[in-house]
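For reference, my_file.cif is printed below; it contains mmCIF, C-alpha atoms.
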data_final
loop_
_atom_site.group_PDB
_atom_site.id
_atom_site.type_symbol
_atom_site.label_atom_id
_atom_site.label_comp_id
_atom_site.auth_asym_id
_atom_site.auth_seq_id
_atom_site.Cartn_x
_atom_site.Cartn_y
_atom_site.Cartn_z
ATOM 1 C CA MET A 1 8.464 1.418 -16.836
ATOM 2 C CA GLU A 2 7.708 5.130 -16.600
ATOM 3 C CA VAL A 3 3.947 5.281 -15.892
ATOM 4 C CA THR A 4 1.406 3.073 -14.124
ATOM 5 C CA ARG A 5 -2.055 3.319 -12.610
ATOM 6 C CA VAL A 6 -2.281 4.654 -9.060
ATOM 7 C CA ASP A 7 -4.317 1.662 -7.827
ATOM 8 C CA LYS A 8 -1.670 -0.759 -9.139
ATOM 9 C CA TRP A 9 1.100 1.266 -7.534
ATOM 10 C CA LEU A 10 -0.639 1.486 -4.141
ATOM 11 C CA TRP A 11 -1.137 -2.279 -4.183
ATOM 12 C CA ALA A 12 2.434 -2.963 -5.340
ATOM 13 C CA VAL A 13 4.036 -0.873 -2.577
ATOM 14 C CA ARG A 14 1.768 -2.490 0.043
ATOM 15 C CA VAL A 15 -0.369 0.499 1.038
ATOM 16 C CA ALA A 16 -3.492 -1.554 0.248
ATOM 17 C CA PRO A 17 -3.789 -5.321 0.799
ATOM 18 C CA THR A 18 -5.491 -5.973 -2.558
ATOM 19 C CA ARG A 19 -5.779 -4.133 -5.838
ATOM 20 C CA SER A 20 -9.549 -3.935 -5.465
ATOM 21 C CA ALA A 21 -9.055 -2.324 -2.026
ATOM 22 C CA ALA A 22 -6.717 0.215 -3.637
ATOM 23 C CA SER A 23 -9.365 0.945 -6.280
ATOM 24 C CA GLU A 24 -11.988 1.429 -3.565
ATOM 25 C CA LEU A 25 -9.720 3.910 -1.773
ATOM 26 C CA CYS A 26 -9.509 5.912 -5.008
ATOM 27 C CA ARG A 27 -13.248 5.752 -5.721
ATOM 28 C CA ALA A 28 -14.045 6.853 -2.159
ATOM 29 C CA GLY A 29 -11.878 9.963 -2.583
ATOM 30 C CA HIS A 30 -9.165 8.874 -0.140
ATOM 31 C CA VAL A 31 -6.303 9.165 -2.658
ATOM 32 C CA LYS A 32 -4.759 12.317 -4.124
ATOM 33 C CA VAL A 33 -1.981 12.545 -6.695
ATOM 34 C CA ASN A 34 -0.135 15.877 -6.711
ATOM 35 C CA GLY A 35 -2.984 17.488 -4.774
ATOM 36 C CA ALA A 36 -5.826 16.374 -7.088
ATOM 37 C CA ASN A 37 -8.349 13.638 -6.315
ATOM 38 C CA ALA A 38 -7.373 10.460 -8.125
ATOM 39 C CA LYS A 39 -9.424 7.867 -9.967
ATOM 40 C CA PRO A 40 -8.042 4.311 -9.987
ATOM 41 C CA SER A 41 -6.734 4.854 -13.532
ATOM 42 C CA THR A 42 -4.825 8.061 -12.729
ATOM 43 C CA ALA A 43 -1.263 7.906 -14.021
ATOM 44 C CA VAL A 44 1.618 7.906 -11.539
ATOM 45 C CA ARG A 45 5.157 8.880 -12.536
ATOM 46 C CA ARG A 46 8.489 9.114 -10.751
ATOM 47 C CA GLY A 47 8.519 12.198 -8.480
ATOM 48 C CA ASP A 48 4.731 12.383 -7.951
ATOM 49 C CA GLU A 49 3.296 12.876 -4.458
ATOM 50 C CA VAL A 50 0.556 10.423 -3.464
ATOM 51 C CA ILE A 51 -1.573 11.068 -0.365
ATOM 52 C CA ALA A 52 -3.598 8.026 0.699
ATOM 53 C CA ARG A 53 -5.907 7.795 3.703
ATOM 54 C CA ALA A 54 -5.937 4.102 4.615
ATOM 55 C CA GLY A 55 -7.832 3.265 7.788
ATOM 56 C CA GLU A 56 -7.275 5.979 10.362
ATOM 57 C CA ARG A 57 -3.838 6.897 9.020
ATOM 58 C CA THR A 58 -2.908 9.352 6.289
ATOM 59 C CA ARG A 59 0.145 8.338 4.264
ATOM 60 C CA VAL A 60 2.143 10.941 2.327
ATOM 61 C CA LEU A 61 4.314 9.126 -0.215
ATOM 62 C CA GLU A 62 6.694 10.249 -2.945
ATOM 63 C CA VAL A 63 7.088 7.915 -5.910
ATOM 64 C CA LEU A 64 10.760 6.976 -6.284
ATOM 65 C CA GLU A 65 10.240 3.964 -8.549
ATOM 66 C CA VAL A 66 7.225 3.043 -10.672
ATOM 67 C CA ILE A 67 6.205 -0.610 -10.278
ATOM 68 C CA ASP A 68 2.966 -2.422 -11.080
ATOM 69 C CA LYS A 69 3.709 -5.907 -9.733
ATOM 70 C CA ARG A 70 3.671 -6.741 -6.040
ATOM 71 C CA VAL A 71 7.206 -7.237 -4.746
ATOM 72 C CA GLY A 72 8.854 -8.027 -1.428
ATOM 73 C CA ALA A 73 8.493 -5.589 1.464
ATOM 74 C CA ALA A 74 12.117 -4.421 1.325
ATOM 75 C CA LEU A 75 11.929 -3.678 -2.403
ATOM 76 C CA ALA A 76 8.513 -2.017 -2.011
ATOM 77 C CA ALA A 77 9.922 0.293 0.676
ATOM 78 C CA SER A 78 12.700 1.361 -1.685
ATOM 79 C CA CYS A 79 10.147 2.397 -4.334
ATOM 80 C CA MET A 80 8.653 5.151 -2.186
ATOM 81 C CA LEU A 81 9.709 7.873 0.218
ATOM 82 C CA ASP A 82 7.349 7.967 3.199
ATOM 83 C CA ARG A 83 6.782 11.512 4.504
ATOM 84 C CA SER A 84 3.784 10.588 6.639
ATOM 85 C CA PRO A 85 3.297 12.111 10.066
ATOM 86 C CA PRO A 86 3.970 9.599 12.842
ATOM 87 C CA PRO A 87 0.942 7.587 13.954
ATOM 88 C CA PRO A 88 -0.627 8.541 17.307
ATOM 89 C CA SER A 89 0.808 6.729 20.289
ATOM 90 C CA ARG A 90 -1.084 3.861 21.908
ATOM 91 C CA GLU A 91 -1.738 5.935 25.012
ATOM 92 C CA ASP A 92 -3.444 8.643 22.944
ATOM 93 C CA ARG A 93 -5.681 6.155 21.113
ATOM 94 C CA ALA A 94 -6.487 3.940 24.118
ATOM 95 C CA GLY A 95 -8.434 6.468 26.190
ATOM 96 C CA VAL A 96 -11.016 7.451 23.579
ATOM 97 C CA GLY A 97 -14.345 5.662 23.740
ATOM 98 C CA LEU A 98 -13.512 3.363 26.640
ATOM 99 C CA ARG A 99 -16.073 2.789 29.330
ATOM 100 C CA ASP A 100 -15.927 1.222 32.734
ATOM 101 C CA PRO A 101 -16.963 -2.442 32.340
ATOM 102 C CA ALA A 102 -19.146 -2.198 35.452
ATOM 103 C CA ALA A 103 -21.090 0.761 34.035
ATOM 104 C CA GLY A 104 -23.599 -1.516 32.285
ATOM 105 C CA ARG A 105 -25.128 -1.086 28.880
ATOM 106 C CA PRO A 106 -24.737 2.402 27.351
ATOM 107 C CA THR A 107 -27.828 4.560 27.157
ATOM 108 C CA LYS A 108 -28.966 6.186 23.937
ATOM 109 C CA ARG A 109 -27.265 9.414 25.039
ATOM 110 C CA ASP A 110 -24.043 7.524 25.776
ATOM 111 C CA ARG A 111 -24.120 5.892 22.327
ATOM 112 C CA ARG A 112 -24.512 9.297 20.663
ATOM 113 C CA GLN A 113 -21.520 10.636 22.580
ATOM 114 C CA ILE A 114 -19.438 7.577 21.645
ATOM 115 C CA ASP A 115 -20.392 8.018 17.978
ATOM 116 C CA ARG A 116 -19.344 11.680 18.120
ATOM 117 C CA LEU A 117 -15.961 10.702 19.573
ATOM 118 C CA ARG A 118 -15.429 8.124 16.845
ATOM 119 C CA GLY A 119 -16.357 10.625 14.131
ATOM 120 C CA ARG A 120 -19.413 8.845 12.790
#
For the structure just supplied, provide its representation as structure tokens.
Amino acid sequence: MEVTRVDKWLWAVRVAPTRSAASELCRAGHVKVNGANAKPSTAVRRGDEVIARAGERTRVLEVLEVIDKRVGAALAASCMLDRSPPPPSREDRAGVGLRDPAAGRPTKRDRRQIDRLRGR
């Protein structure tokens, strides 16, 4: 196989848990193929660069093997080259948005500040 859809490939290499979730990532604009925004039906070939923002993490992947069926984790890892930046450490993520449990219910001002920290 030389070409497949980007949503099938993302699902097959286990970036997205379901194919419909992979399609939603594409429709929401969270997937780019070779620098261009990708629709779910965008073609993916060997050597293409796929950038997918899944959750809070951005994955930079190079297509080494084109597959469209879900395979085992070891085989899926061999079909892509992961050039993603390392995820933030637990210590970095843990301090954001935490409040003292004895502080009581957050005020409206506190909720706005929490929303700004979370990027909403």
| message | With distances taken over all atoms listed in the file, which residue among A:Asn34, A:Thr58, A:Ser41, A:Thr4 lies nearest Ser84 (chain A)? | response | A:Thr58
| request: Measuring atom to atom with only C-alpha atoms, identify which of A:Leu10, A:Ala36, A:Gly104, A:Ser23 is nearest to Leu61 (chain A). | output: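 Smallest distance to Leu61 (chain A) is found for A:Leu10.
The residue that comes closest to Ala74 (chain A), out of A:Val60, A:Ala12, A:Val31, A:Ile51 and on the basis of all atoms listed in the file, is A:Ala12.
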| task | Could you please give me, as an NGL selection string, the residues of protein, DNA or RNA lying at most 10 Å from (9.5, -1.4, -2.7) in the coordinate frame of the file, considering only C-alpha atoms? | result | :A and (12-14 or 64-67 or 70-81)
| said: When you look at Cys26 (chain A) with a cut-off of 6 Å (counting all atoms listed in the file), what residues show up, excluding the ones that are within fewer than 6 positions of it in the same chain? I need them as a PyMOL selection string. | reply: chain A and resi 38-40
| field | Gap from CA of Asp68 (chain A) to CA of Lys8 (chain A) - Å, one decimal | value | 5.3 Å
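Between CA of Asp115 (chain A) and CA of His30 (chain A) there is a distance of 21.3 Å.
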| field | Distance criterion (only C-alpha atoms): nearest to Pro86 (chain A) out of A:Lys69, A:Arg59, A:Lys32, A:Ser20 | value |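 Comparing A:Lys69, A:Arg59, A:Lys32, A:Ser20 against Pro86 (chain A), the winner is A:Arg59.
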| message | What's the separation between CA of Ser89 (chain A) and CA of Pro17 (chain A), in Å to one decimal place? | response |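 These two atoms are separated by 23.4 Å.
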Once 6 Å is added on each side, what centre and edge lengths in Å to one decimal does the axis-aligned box around all listed atoms of region 1-18 of chain A have, as JSON?
{"center_x": 1.5, "center_y": -0.3, "center_z": -7.9, "size_x": 26.0, "size_y": 23.3, "size_z": 29.9}
| Nearest-residue call for Arg53 (chain A), choices A:Val6, A:Ala103, A:Val15, A:Leu98, using all atoms listed in the file | A:Val15
| Which of these, A:Arg57, A:Arg5, A:Arg27, A:Ala16, has the shortest distance to Pro88 (chain A) once you count all atoms listed in the file? |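 Using all atoms listed in the file, the shortest distance to Pro88 (chain A) belongs to A:Arg57.
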